[in-house]
file upload.txt (compact mmCIF, C-alpha atoms and all ligand atoms)
# COMPACT_ATOMS: atom_id res chain seq x y z
CA MET A 1 10.99 10.75 -28.59
CA SER A 2 9.62 11.42 -25.14
CA LEU A 3 5.94 12.19 -24.79
CA PRO A 4 4.95 15.84 -25.16
CA PHE A 5 2.49 15.90 -22.26
CA LYS A 6 3.18 15.14 -18.67
CA PHE A 7 1.07 13.80 -15.83
CA GLY A 8 1.47 12.18 -12.47
CA LYS A 9 4.89 13.68 -11.84
CA VAL A 10 6.20 17.10 -11.03
CA VAL A 11 5.45 19.25 -14.03
CA GLU A 12 8.44 21.29 -15.09
CA LYS A 13 7.94 24.71 -16.55
CA ARG A 14 7.64 23.49 -20.14
CA PHE A 15 4.61 21.37 -19.25
CA PHE A 16 3.08 24.01 -17.04
CA VAL A 17 0.02 25.91 -18.20
CA ASN A 18 -0.93 29.43 -17.16
CA ARG A 19 -1.47 30.14 -13.42
CA HIS A 20 0.63 33.29 -13.81
CA PHE A 21 -1.57 35.18 -11.42
CA GLU A 22 -1.42 32.46 -8.78
CA ILE A 23 2.36 32.10 -9.11
CA ASP A 24 2.86 35.82 -8.54
CA PHE A 25 0.36 35.91 -5.72
CA ILE A 26 2.06 33.04 -3.90
CA LYS A 27 5.50 34.54 -4.43
CA GLN A 28 4.45 37.94 -3.15
CA ASN A 29 2.83 36.48 -0.06
CA ILE A 30 5.83 34.34 0.75
CA LEU A 31 8.12 37.34 0.32
CA SER A 32 5.91 39.26 2.75
CA GLN A 33 5.95 36.33 5.20
CA ILE A 34 2.24 35.82 4.83
CA ASN A 35 1.08 32.24 5.17
CA ILE A 36 -0.95 30.63 2.41
CA THR A 37 -3.61 27.95 2.33
CA LEU A 38 -4.39 26.39 -1.01
CA ILE A 39 -7.52 24.32 -1.53
CA SER A 40 -8.77 22.35 -4.55
CA PRO A 41 -9.87 18.83 -5.41
CA ARG A 42 -7.15 16.28 -6.11
CA ARG A 43 -4.98 16.62 -9.18
CA TRP A 44 -6.06 20.09 -10.18
CA GLY A 45 -2.52 21.34 -9.68
CA LYS A 46 -1.78 22.47 -6.12
CA TYR A 47 1.54 20.74 -5.80
CA SER A 48 2.65 21.75 -9.30
CA LEU A 49 1.78 25.36 -8.58
CA VAL A 50 3.54 25.51 -5.22
CA HIS A 51 6.53 23.73 -6.71
CA ILE A 52 6.92 26.22 -9.58
CA ALA A 53 6.33 29.28 -7.38
CA THR A 54 8.74 28.23 -4.62
CA ASN A 55 11.36 27.08 -7.14
CA GLU A 56 11.33 30.44 -8.85
CA LEU A 57 11.62 32.20 -5.50
CA SER A 58 14.49 30.14 -4.17
CA LYS A 59 16.37 30.40 -7.46
CA ALA A 60 16.12 34.16 -7.46
CA ASN A 61 16.77 34.53 -3.77
CA LYS A 62 19.38 32.40 -2.02
CA GLN A 63 17.99 33.33 1.39
CA ILE A 64 14.81 31.43 0.69
CA LYS A 65 14.92 27.73 1.45
CA VAL A 66 11.95 25.54 0.76
CA CYS A 67 10.91 22.49 2.72
CA HIS A 68 8.27 20.17 1.19
CA ILE A 69 6.49 17.77 3.49
CA ASP A 70 3.80 15.43 2.21
CA LEU A 71 1.34 14.25 4.84
CA PHE A 72 -0.12 11.70 2.46
CA ASN A 73 1.22 8.68 4.35
CA ILE A 74 1.54 10.21 7.80
CA ARG A 75 -1.03 8.75 10.14
CA THR A 76 0.05 9.79 13.63
CA GLU A 77 1.19 12.90 15.40
CA GLU A 78 4.38 11.13 16.42
CA GLU A 79 5.30 10.46 12.77
CA PHE A 80 4.50 14.04 11.91
CA TYR A 81 6.98 15.53 14.40
CA LYS A 82 9.72 13.23 13.26
CA ILE A 83 9.29 13.95 9.55
CA PHE A 84 8.84 17.63 10.28
CA ALA A 85 12.11 17.89 12.23
CA ASP A 86 14.08 15.81 9.70
CA SER A 87 12.77 17.76 6.73
CA VAL A 88 13.22 21.21 8.23
CA ILE A 89 16.82 20.54 9.18
CA LYS A 90 17.65 19.02 5.80
CA ALA A 91 16.04 21.91 3.95
CA SER A 92 18.07 24.46 5.86
CA THR A 93 21.49 23.04 5.02
CA THR A 94 22.93 20.13 3.05
CA LYS A 95 26.07 19.93 5.18
CA TRP A 96 25.69 17.23 7.79
CA GLU A 97 28.14 18.89 10.19
CA GLU A 98 25.89 21.89 10.23
CA GLN A 99 22.78 19.76 10.59
CA ILE A 100 24.25 18.30 13.77
CA LYS A 101 25.21 21.74 14.99
CA LEU A 102 21.69 23.10 14.49
CA THR A 103 20.18 20.10 16.19
CA LYS A 104 22.37 20.58 19.23
CA LEU A 105 21.71 24.27 19.31
CA PHE A 106 17.93 24.16 19.24
CA PHE A 107 17.05 21.04 21.19
CA LYS A 108 17.48 21.69 24.88
CA LYS A 109 14.70 19.61 26.37
CA LEU A 110 13.87 17.02 23.76
CA ILE A 111 17.42 15.76 22.98
CA PRO A 112 16.86 13.71 19.83
CA LYS A 113 18.90 10.70 18.82
CA LEU A 114 20.69 11.27 15.54
CA SER A 115 21.37 8.69 12.90
CA PHE A 116 22.80 8.88 9.42
CA GLY A 117 22.12 6.64 6.47
CA VAL A 118 25.28 4.89 5.28
CA GLU A 119 24.73 5.06 1.55
CA GLU A 120 22.70 8.11 0.95
CA SER A 121 24.39 11.35 1.81
CA ASN A 122 22.35 13.96 3.61
CA SER A 123 20.14 11.35 5.20
CA LEU A 124 20.06 12.65 8.74
CA SER A 125 17.26 11.19 10.79
CA LEU A 126 16.13 12.29 14.24
CA SER A 127 14.23 10.23 16.74
CA PHE A 128 12.51 11.50 19.83
CA ASP A 129 11.18 10.18 23.07
CA TRP A 130 7.47 10.36 22.27
CA GLU A 131 6.45 10.78 25.91
CA GLU A 132 8.55 13.95 26.06
CA VAL A 133 7.33 15.31 22.72
CA LYS A 134 3.75 14.67 23.75
CA LYS A 135 4.20 16.97 26.73
CA ASP A 136 5.58 19.82 24.68
CA PRO A 137 6.49 19.72 20.98
CA SER A 138 7.44 23.42 20.84
CA GLU A 139 11.12 22.84 20.18
CA ILE A 140 10.24 20.89 17.06
CA LEU A 141 7.51 23.24 15.91
CA ASN A 142 9.71 26.28 16.42
CA LEU A 143 12.64 24.90 14.45
CA PRO A 144 11.74 26.74 11.23
CA GLU A 145 11.73 30.10 12.98
CA GLN A 146 14.83 29.45 15.09
CA ILE A 147 16.85 28.20 12.15
CA SER A 148 15.66 31.02 9.90
CA LYS A 149 16.79 33.59 12.44
CA LYS A 150 20.08 31.92 13.16
CA LYS A 151 21.04 31.40 9.52
CA LYS A 152 19.45 34.62 8.29
CA ILE A 153 17.31 32.71 5.84
CA GLN A 154 13.59 32.32 5.28
CA LEU A 155 12.40 28.77 5.57
CA VAL A 156 9.20 28.18 3.63
CA ILE A 157 7.45 25.12 4.97
CA CYS A 158 5.07 23.51 2.47
CA LEU A 159 2.66 20.94 3.87
CA ASP A 160 0.80 18.83 1.30
CA GLU A 161 -2.39 16.79 1.94
CA PHE A 162 -2.87 18.62 5.21
CA GLN A 163 -6.38 17.22 5.68
CA ASN A 164 -4.70 13.94 6.62
CA ILE A 165 -4.25 15.24 10.15
CA SER A 166 -7.84 14.12 10.61
CA HIS A 167 -6.39 10.61 11.06
CA PHE A 168 -4.50 11.73 14.14
CA LYS A 169 -5.96 10.82 17.48
CA TYR A 170 -6.61 14.39 18.56
CA PRO A 171 -6.70 16.52 15.41
CA LEU A 172 -8.09 19.61 17.08
CA ALA A 173 -5.57 19.63 19.92
CA PHE A 174 -2.85 19.10 17.33
CA GLN A 175 -3.98 22.10 15.29
CA LYS A 176 -3.98 24.20 18.46
CA LYS A 177 -0.38 23.27 19.12
CA LEU A 178 0.69 24.17 15.60
CA ARG A 179 -1.13 27.45 15.63
CA ALA A 180 0.04 28.39 19.14
CA ASN A 181 3.66 28.12 17.99
CA TRP A 182 3.49 29.19 14.36
CA GLN A 183 1.54 32.38 14.93
CA TYR A 184 4.66 33.98 16.40
CA HIS A 185 6.88 33.07 13.47
CA GLN A 186 8.11 36.08 11.57
CA LYS A 187 10.95 34.69 9.51
CA ALA A 188 9.60 31.27 8.62
CA SER A 189 6.40 30.99 6.62
CA TYR A 190 3.91 28.30 5.74
CA VAL A 191 2.16 27.09 2.62
CA ILE A 192 -0.48 24.57 3.56
CA TYR A 193 -2.55 22.75 0.98
CA GLY A 194 -4.93 19.90 0.71
CA SER A 195 -7.63 18.33 -1.34
CA LYS A 196 -10.58 17.34 0.78
CA GLN A 197 -12.35 20.60 0.17
CA HIS A 198 -14.98 20.42 2.88
CA MET A 199 -12.44 19.40 5.48
CA MET A 200 -9.85 21.97 4.45
CA THR A 201 -12.49 24.66 4.36
CA HIS A 202 -13.63 23.69 7.82
CA ILE A 203 -10.08 23.83 9.19
CA PHE A 204 -9.18 27.18 7.67
CA GLU A 205 -12.45 29.05 7.29
CA SER A 206 -14.37 28.30 10.48
CA LYS A 207 -14.15 30.99 13.11
CA SER A 208 -14.02 28.45 15.91
CA MET A 209 -11.02 26.59 14.48
CA PRO A 210 -7.39 27.24 15.46
CA PHE A 211 -6.26 27.92 11.88
CA TYR A 212 -8.88 30.56 11.21
CA LYS A 213 -7.20 33.60 9.60
CA PHE A 214 -3.83 31.89 9.55
CA GLY A 215 -3.11 33.44 6.17
CA GLU A 216 -4.42 33.94 2.65
CA VAL A 217 -6.82 31.22 1.55
CA ILE A 218 -6.80 30.42 -2.16
CA PHE A 219 -9.41 28.21 -3.77
CA LEU A 220 -7.61 27.02 -6.85
CA LEU A 221 -9.77 26.97 -9.97
CA LYS A 222 -9.40 24.83 -13.05
CA ILE A 223 -7.18 25.96 -15.88
CA SER A 224 -9.42 27.44 -18.57
CA ASN A 225 -10.26 25.65 -21.77
CA ASP A 226 -8.65 28.45 -23.76
CA HIS A 227 -5.29 27.93 -22.08
CA TRP A 228 -5.43 24.16 -22.53
CA LYS A 229 -6.36 24.61 -26.18
CA LYS A 230 -3.34 26.77 -26.94
CA TYR A 231 -1.01 24.50 -24.99
CA ILE A 232 -2.18 21.37 -26.82
CA VAL A 233 -1.91 23.00 -30.24
CA ARG A 234 1.59 24.25 -29.39
CA LYS A 235 2.79 20.85 -28.17
CA PHE A 236 1.54 19.10 -31.31
CA LYS A 237 3.21 21.70 -33.49
CA ALA A 238 6.51 21.38 -31.64
CA THR A 239 6.52 17.64 -32.39
CA LYS A 240 5.60 18.07 -36.05
CA LYS A 241 2.00 16.96 -35.70
CA THR A 242 -1.15 18.99 -36.13
CA ILE A 243 -4.35 19.44 -34.19
CA SER A 244 -6.92 22.17 -34.89
CA SER A 245 -7.85 24.62 -32.15
CA LYS A 246 -11.35 23.27 -32.24
CA LEU A 247 -10.30 19.69 -31.63
CA ALA A 248 -7.77 20.70 -28.98
CA SER A 249 -10.52 22.54 -27.17
CA LYS A 250 -12.83 19.55 -27.53
CA LEU A 251 -10.11 17.26 -26.14
CA ALA A 252 -9.76 19.29 -22.94
CA GLN A 253 -13.47 19.79 -22.62
CA LEU A 254 -14.19 16.06 -22.79
CA VAL A 255 -12.25 15.61 -19.56
CA GLU A 256 -13.73 18.80 -18.12
CA ASN A 257 -10.42 20.71 -18.25
CA HIS A 258 -9.15 18.62 -15.38
CA SER A 259 -5.37 19.17 -15.23
CA TYR A 260 -4.26 15.60 -14.77
CA PHE A 261 -6.67 14.09 -17.27
CA VAL A 262 -6.11 16.69 -19.96
CA GLN A 263 -2.40 15.86 -19.93
CA GLN A 264 -3.04 12.13 -19.91
CA PHE A 265 -5.70 12.23 -22.60
CA ALA A 266 -3.61 14.55 -24.78
CA ASN A 267 -0.76 12.04 -24.72
CA MET A 268 -3.11 9.30 -25.84
CA VAL A 269 -4.45 11.41 -28.68
CA TRP A 270 -0.93 12.44 -29.67
CA LEU A 271 0.23 8.81 -29.77
CA ASN A 272 -2.70 7.86 -31.99
CA THR A 273 -2.09 10.76 -34.35
CA GLU A 274 0.32 10.12 -37.16
CA THR A 275 0.37 13.60 -38.63
CA THR A 276 -2.99 15.29 -38.27
CA CYS A 277 -5.54 14.73 -35.55
CA ASN A 278 -9.23 14.23 -36.39
CA LYS A 279 -12.49 13.54 -34.60
CA GLU A 280 -12.21 9.77 -34.96
CA ILE A 281 -8.79 9.75 -33.32
CA ILE A 282 -10.16 11.67 -30.35
CA GLU A 283 -13.03 9.20 -29.98
CA LYS A 284 -10.77 6.20 -30.28
CA SER A 285 -8.36 7.63 -27.71
CA LEU A 286 -11.15 8.29 -25.27
CA ASP A 287 -12.27 4.69 -25.63
CA GLN A 288 -8.75 3.52 -24.90
CA LEU A 289 -8.54 5.70 -21.85
CA LEU A 290 -11.85 4.39 -20.54
CA ASN A 291 -10.68 0.81 -21.18
CA GLN A 292 -7.60 1.52 -19.17
CA TYR A 293 -9.61 2.68 -16.17
CA GLU A 294 -12.49 0.24 -16.52
CA ILE A 295 -11.34 -2.33 -13.96
CA LEU A 296 -10.80 0.41 -11.45
CA PHE A 297 -14.25 1.88 -12.04
CA ILE A 298 -15.94 -1.49 -11.75
CA LYS A 299 -14.20 -1.99 -8.42
CA GLU A 300 -15.24 1.47 -7.35
CA LEU A 301 -18.89 0.60 -8.01
CA ASP A 302 -18.54 -2.47 -5.80
CA TYR A 303 -18.01 -0.21 -2.83
CA LEU A 304 -21.15 1.82 -3.46
CA SER A 305 -24.67 1.09 -2.31
CA ASN A 306 -27.55 1.01 -4.77
CA THR A 307 -28.86 4.37 -3.69
CA GLN A 308 -25.40 5.88 -4.01
CA VAL A 309 -25.18 4.56 -7.56
CA ASN A 310 -28.64 5.93 -8.26
CA PHE A 311 -27.53 9.30 -7.00
CA LEU A 312 -24.57 9.21 -9.39
CA LYS A 313 -26.94 8.37 -12.21
CA ALA A 314 -28.97 11.46 -11.41
CA LEU A 315 -25.77 13.47 -11.42
CA CYS A 316 -24.70 12.02 -14.78
CA ASN A 317 -28.06 13.01 -16.21
CA ASP A 318 -27.42 16.57 -15.10
CA GLU A 319 -30.35 16.66 -12.71
CA THR A 320 -30.08 19.94 -10.87
CA GLN A 321 -32.66 19.49 -8.11
CA LEU A 322 -30.97 16.52 -6.50
CA SER A 323 -33.13 16.55 -3.40
CA GLY A 324 -36.27 17.59 -5.26
CA LYS A 325 -39.32 15.31 -5.11
CA LYS A 326 -39.22 14.39 -8.80
CA THR A 327 -35.55 13.39 -8.76
CA ILE A 328 -35.99 11.42 -5.56
CA SER A 329 -38.80 9.35 -6.96
CA LYS A 330 -37.28 8.97 -10.44
CA TYR A 331 -34.00 7.63 -9.05
CA LYS A 332 -35.42 5.91 -5.95
CA LEU A 333 -33.36 7.93 -3.49
CA GLY A 334 -35.64 7.50 -0.47
CA THR A 335 -36.15 10.74 1.42
CA SER A 336 -34.47 14.13 1.17
CA GLY A 337 -32.66 13.34 4.43
CA ASN A 338 -31.36 10.27 2.69
CA VAL A 339 -30.05 12.36 -0.18
CA SER A 340 -27.92 14.42 2.21
CA LYS A 341 -26.52 11.24 3.71
CA ILE A 342 -25.72 9.81 0.29
CA LYS A 343 -24.03 13.04 -0.70
CA LYS A 344 -21.93 13.10 2.45
CA ALA A 345 -20.89 9.47 2.02
CA LEU A 346 -19.85 10.08 -1.59
CA ILE A 347 -17.89 13.17 -0.60
CA ASP A 348 -16.11 11.15 2.08
CA LYS A 349 -15.25 8.50 -0.49
CA GLU A 350 -13.88 11.29 -2.71
CA ILE A 351 -16.20 10.33 -5.56
CA ILE A 352 -17.93 13.70 -5.67
CA ASP A 353 -17.29 17.17 -4.39
CA GLN A 354 -19.51 20.04 -3.52
CA GLN A 355 -18.54 23.45 -4.83
CA GLY A 356 -20.95 26.02 -3.53
CA LYS A 357 -24.30 24.65 -4.63
CA THR A 358 -23.04 22.46 -7.44
CA VAL A 359 -22.07 18.86 -6.99
CA ILE A 360 -19.38 17.56 -9.32
CA PHE A 361 -17.64 14.29 -9.99
CA GLN A 362 -14.04 14.35 -8.76
CA ASP A 363 -12.99 12.17 -11.65
CA PRO A 364 -14.39 13.28 -15.01
CA LEU A 365 -13.53 9.93 -16.56
CA PHE A 366 -15.61 8.06 -14.03
CA ARG A 367 -18.55 10.24 -15.00
CA LEU A 368 -17.94 9.59 -18.69
CA TRP A 369 -17.58 5.89 -18.09
CA LEU A 370 -20.83 5.73 -16.12
CA LYS A 371 -22.61 7.69 -18.83
CA LYS A 372 -21.25 5.80 -21.80
CA ARG A 373 -20.89 2.29 -20.54
CA TYR A 374 -22.88 1.79 -17.38
CA ILE A 375 -26.08 3.74 -17.26
CA THR A 376 -27.07 2.82 -20.81
CA ASN A 377 -26.95 -0.87 -19.91
CA ASN A 378 -28.64 -0.60 -16.55
N1 LIG B 401 -0.48 24.35 -14.22
C1 LIG B 401 -0.46 23.13 -14.78
N2 LIG B 401 -0.14 22.99 -16.09
C2 LIG B 401 -0.13 21.79 -16.67
N3 LIG B 401 -0.43 20.64 -16.06
C3 LIG B 401 -0.76 20.70 -14.76
C4 LIG B 401 -0.80 21.95 -14.06
N4 LIG B 401 -1.16 21.68 -12.80
C5 LIG B 401 -1.33 20.35 -12.72
N5 LIG B 401 -1.11 19.76 -13.89
C6 LIG B 401 -1.25 18.31 -14.21
O1 LIG B 401 -2.02 17.69 -13.21
C7 LIG B 401 -1.23 16.70 -12.52
C8 LIG B 401 -1.58 16.70 -11.05
O2 LIG B 401 -1.19 17.93 -10.47
P1 LIG B 401 -0.80 18.11 -8.95
O3 LIG B 401 -0.06 19.39 -8.87
O4 LIG B 401 -0.13 16.89 -8.41
O5 LIG B 401 -2.24 18.27 -8.30
P2 LIG B 401 -2.68 18.32 -6.77
O6 LIG B 401 -1.50 18.69 -5.94
O7 LIG B 401 -3.77 19.35 -6.75
O8 LIG B 401 -3.20 16.95 -6.44
C9 LIG B 401 0.21 17.07 -12.82
O9 LIG B 401 1.06 15.94 -12.78
C10 LIG B 401 0.09 17.61 -14.23
O10 LIG B 401 0.03 16.60 -15.18
MG MG B 402 -1.36 16.38 -4.61

call {"tool": "encode", "arguments": {"input": "upload.txt", "output": "structure tokens"}}
result
Amino acid sequence: MSLPFKFGKVVEKRFFVNRHFEIDFIKQNILSQINITLISPRRWGKYSLVHIATNELSKANKQIKVCHIDLFNIRTEEEFYKIFADSVIKASTTKWEEQIKLTKLFFKKLIPKLSFGVEESNSLSLSFDWEEVKKDPSEILNLPEQISKKKKIQLVICLDEFQNISHFKYPLAFQKKLRANWQYHQKASYVIYGSKQHMMTHIFESKSMPFYKFGEVIFLLKISNDHWKKYIVRKFKATKKTISSKLASKLAQLVENHSYFVQQFANMVWLNTETTCNKEIIEKSLDQLLNQYEILFIKELDYLSNTQVNFLKALCNDETQLSGKKTISKYKLGTSGNVSKIKKALIDKEIIDQQGKTVIFQDPLFRLWLKKRYITNN
């Protein structure tokens, strides 16, 4: 029997929990050609949400074609334009004859070289003269709008891990180019999402930045404990096992209702449960999960300075006044200026995140591991 919970891959509808409001909101905005920016820490469910919403839209409406581009491993502007052009053309039609036709129609200055994979069908690939693109990438950036108009479709361009553009040589100039072209698009629309909260917020919420007021900004929240609880109980039942509401709620709460970890932890608990789940099974499963991650966490600590580790200790102990005098002296954090530096470094390393005034661990298991197995011995 396949496992009843799913993590790390695209979650199909049967593994998808709640987010009804967000799905409708995204669908309505796309239908009204309003761009969307979606921000949350990693693995809370941005991709899953966009995937479900755009899938539902394109199924119900043949005019809507969705193009997913992940910037995760794109490090230069040059790579971006290439992947962008390839993906947009492929998303608009699966017929290679038509792909060639569109390419010829809309590239007047840039004249890309076309190549096709031998084995894989639909593997059109464009390459450009970078010196030319550098001067003016408009033909590439306007492809979604041009193709949408020509084919009477609506191309929805989804850009994942958008904060990665910070690796480009001139991120600000790049954003200006995107915005300068995309702001005139009426048929094509954009869903942009990313996980480095402070960076994403800076790009989309600062008045001085090119993407300010580009569209609706959504800060994705966690799925509530109540929804997780019902989902876990239902999945156990469907596979002829039992878990009480109370324990299901406890399960999700132990990993702070973090989407990815709830699904992973629930699988562990389910595997350890023969017929009925109990408290001991939950504890044992948590131990197993921590064992599984232990090497990774130990390595992670290697990259942190002593004061950074001390700061994490303070956080584990739920200290609220992190730059208060008492906390600073208790955890040997130096000065309050130092605390800000530590915080910034840990945010950059994606260990913690700041949400309003509260600082949280990005990975609830790392926090648990520090609490249970590290701080007690140190
Ligand atoms: N709405 C949801 N319902 C159930 N599980 C979810 C949901 N959203 C995310 N997840 C779980 O979290 C994992 C990571 O989600 P993902 O969409 O890739 O996050 P992000 O794009 O924010 O990094 C998924 O593989 C899935 O296990
Ligand atoms: Mg993601």

call {"tool": "residues_near_ligand", "arguments": {"input": "upload.txt", "ligand": "ligand LIG 401 (chain B)", "cutoff": "6 Å", "atoms": "only C-alpha atoms and all ligand atoms", "output": "PyMOL selection string"}}
result
chain A and resi 6-11+15-19+42-48+259-260+263

call {"tool": "closest_residue", "arguments": {"input": "upload.txt", "among": "A:Lys187, A:Leu110, A:Tyr193, A:Lys176", "to": "ligand MG 402 (chain B)", "atoms": "all atoms listed in the file"}}
result
A:Tyr193

call {"tool": "closest_residue", "arguments": {"input": "upload.txt", "among": "A:Glu97, A:Glu132, A:Glu79, A:Asp160", "to": "ligand MG 402 (chain B)", "atoms": "all atoms listed in the file"}}
result
A:Asp160

call {"tool": "atom_distance", "arguments": {"input": "upload.txt", "atom1": "atom CA of Gly334 of chain A", "atom2": "atom CA of Glu350 of chain A"}}
result
22.2 Å

call {"tool": "residues_around", "arguments": {"input": "upload.txt", "residues": "Lys237 of chain A", "least_positions_apart": "5", "cutoff": "12 Å", "atoms": "all atoms listed in the file", "output": "PyMOL selection string"}}
result
chain A and resi 4+230-232+242-245+248+270+275-277

call {"tool": "residues_near_point", "arguments": {"input": "upload.txt", "point": "(-3.6, 17.2, 13.7)", "cutoff": "10 Å", "atoms": "all atoms listed in the file", "output": "list in words"}}
result
Arg75, Thr76, Glu77, Phe80, Phe162, Gln163, Asn164, Ile165, Ser166, His167, Phe168, Lys169, Tyr170, Pro171, Leu172, Ala173, Phe174, Gln175, Lys176, Lys177 and Leu178 of chain A

call {"tool": "atom_distance", "arguments": {"input": "upload.txt", "atom1": "atom CA of Tyr293 of chain A", "atom2": "atom CA of Phe366 of chain A"}}
result
8.3 Å

call {"tool": "decode", "arguments": {"input": "upload.txt", "residues": "segment 308-320 of chain A", "atoms": "N, CA and C atoms", "output": "compact mmCIF listing (two decimals), in the first residue's frame"}}
result
# COMPACT_ATOMS: atom_id res chain seq x y z
N GLN A 308 26.05 32.81 17.56
CA GLN A 308 24.84 32.44 16.81
C GLN A 308 24.13 31.26 17.48
N VAL A 309 24.92 30.30 17.93
CA VAL A 309 24.33 29.15 18.63
C VAL A 309 23.67 29.62 19.92
N ASN A 310 24.35 30.53 20.62
CA ASN A 310 23.77 31.05 21.87
C ASN A 310 22.44 31.75 21.62
N PHE A 311 22.39 32.47 20.52
CA PHE A 311 21.15 33.15 20.15
C PHE A 311 20.04 32.11 19.93
N LEU A 312 20.38 31.03 19.25
CA LEU A 312 19.38 29.98 19.01
C LEU A 312 18.91 29.34 20.33
N LYS A 313 19.85 29.23 21.26
CA LYS A 313 19.47 28.70 22.58
C LYS A 313 18.42 29.60 23.23
N ALA A 314 18.68 30.90 23.15
CA ALA A 314 17.73 31.85 23.73
C ALA A 314 16.36 31.69 23.07
N LEU A 315 16.39 31.49 21.77
CA LEU A 315 15.15 31.33 21.02
C LEU A 315 14.42 30.05 21.43
N CYS A 316 15.19 28.98 21.60
CA CYS A 316 14.61 27.70 22.03
C CYS A 316 13.97 27.84 23.41
N ASN A 317 14.57 28.66 24.24
CA ASN A 317 14.03 28.83 25.58
C ASN A 317 12.91 29.87 25.63
N ASP A 318 12.42 30.22 24.46
CA ASP A 318 11.30 31.15 24.34
C ASP A 318 11.55 32.51 24.98
N GLU A 319 12.80 32.95 24.97
CA GLU A 319 13.08 34.30 25.46
C GLU A 319 12.42 35.29 24.49
N THR A 320 11.72 36.25 25.03
CA THR A 320 11.02 37.17 24.13
C THR A 320 11.83 38.45 23.88
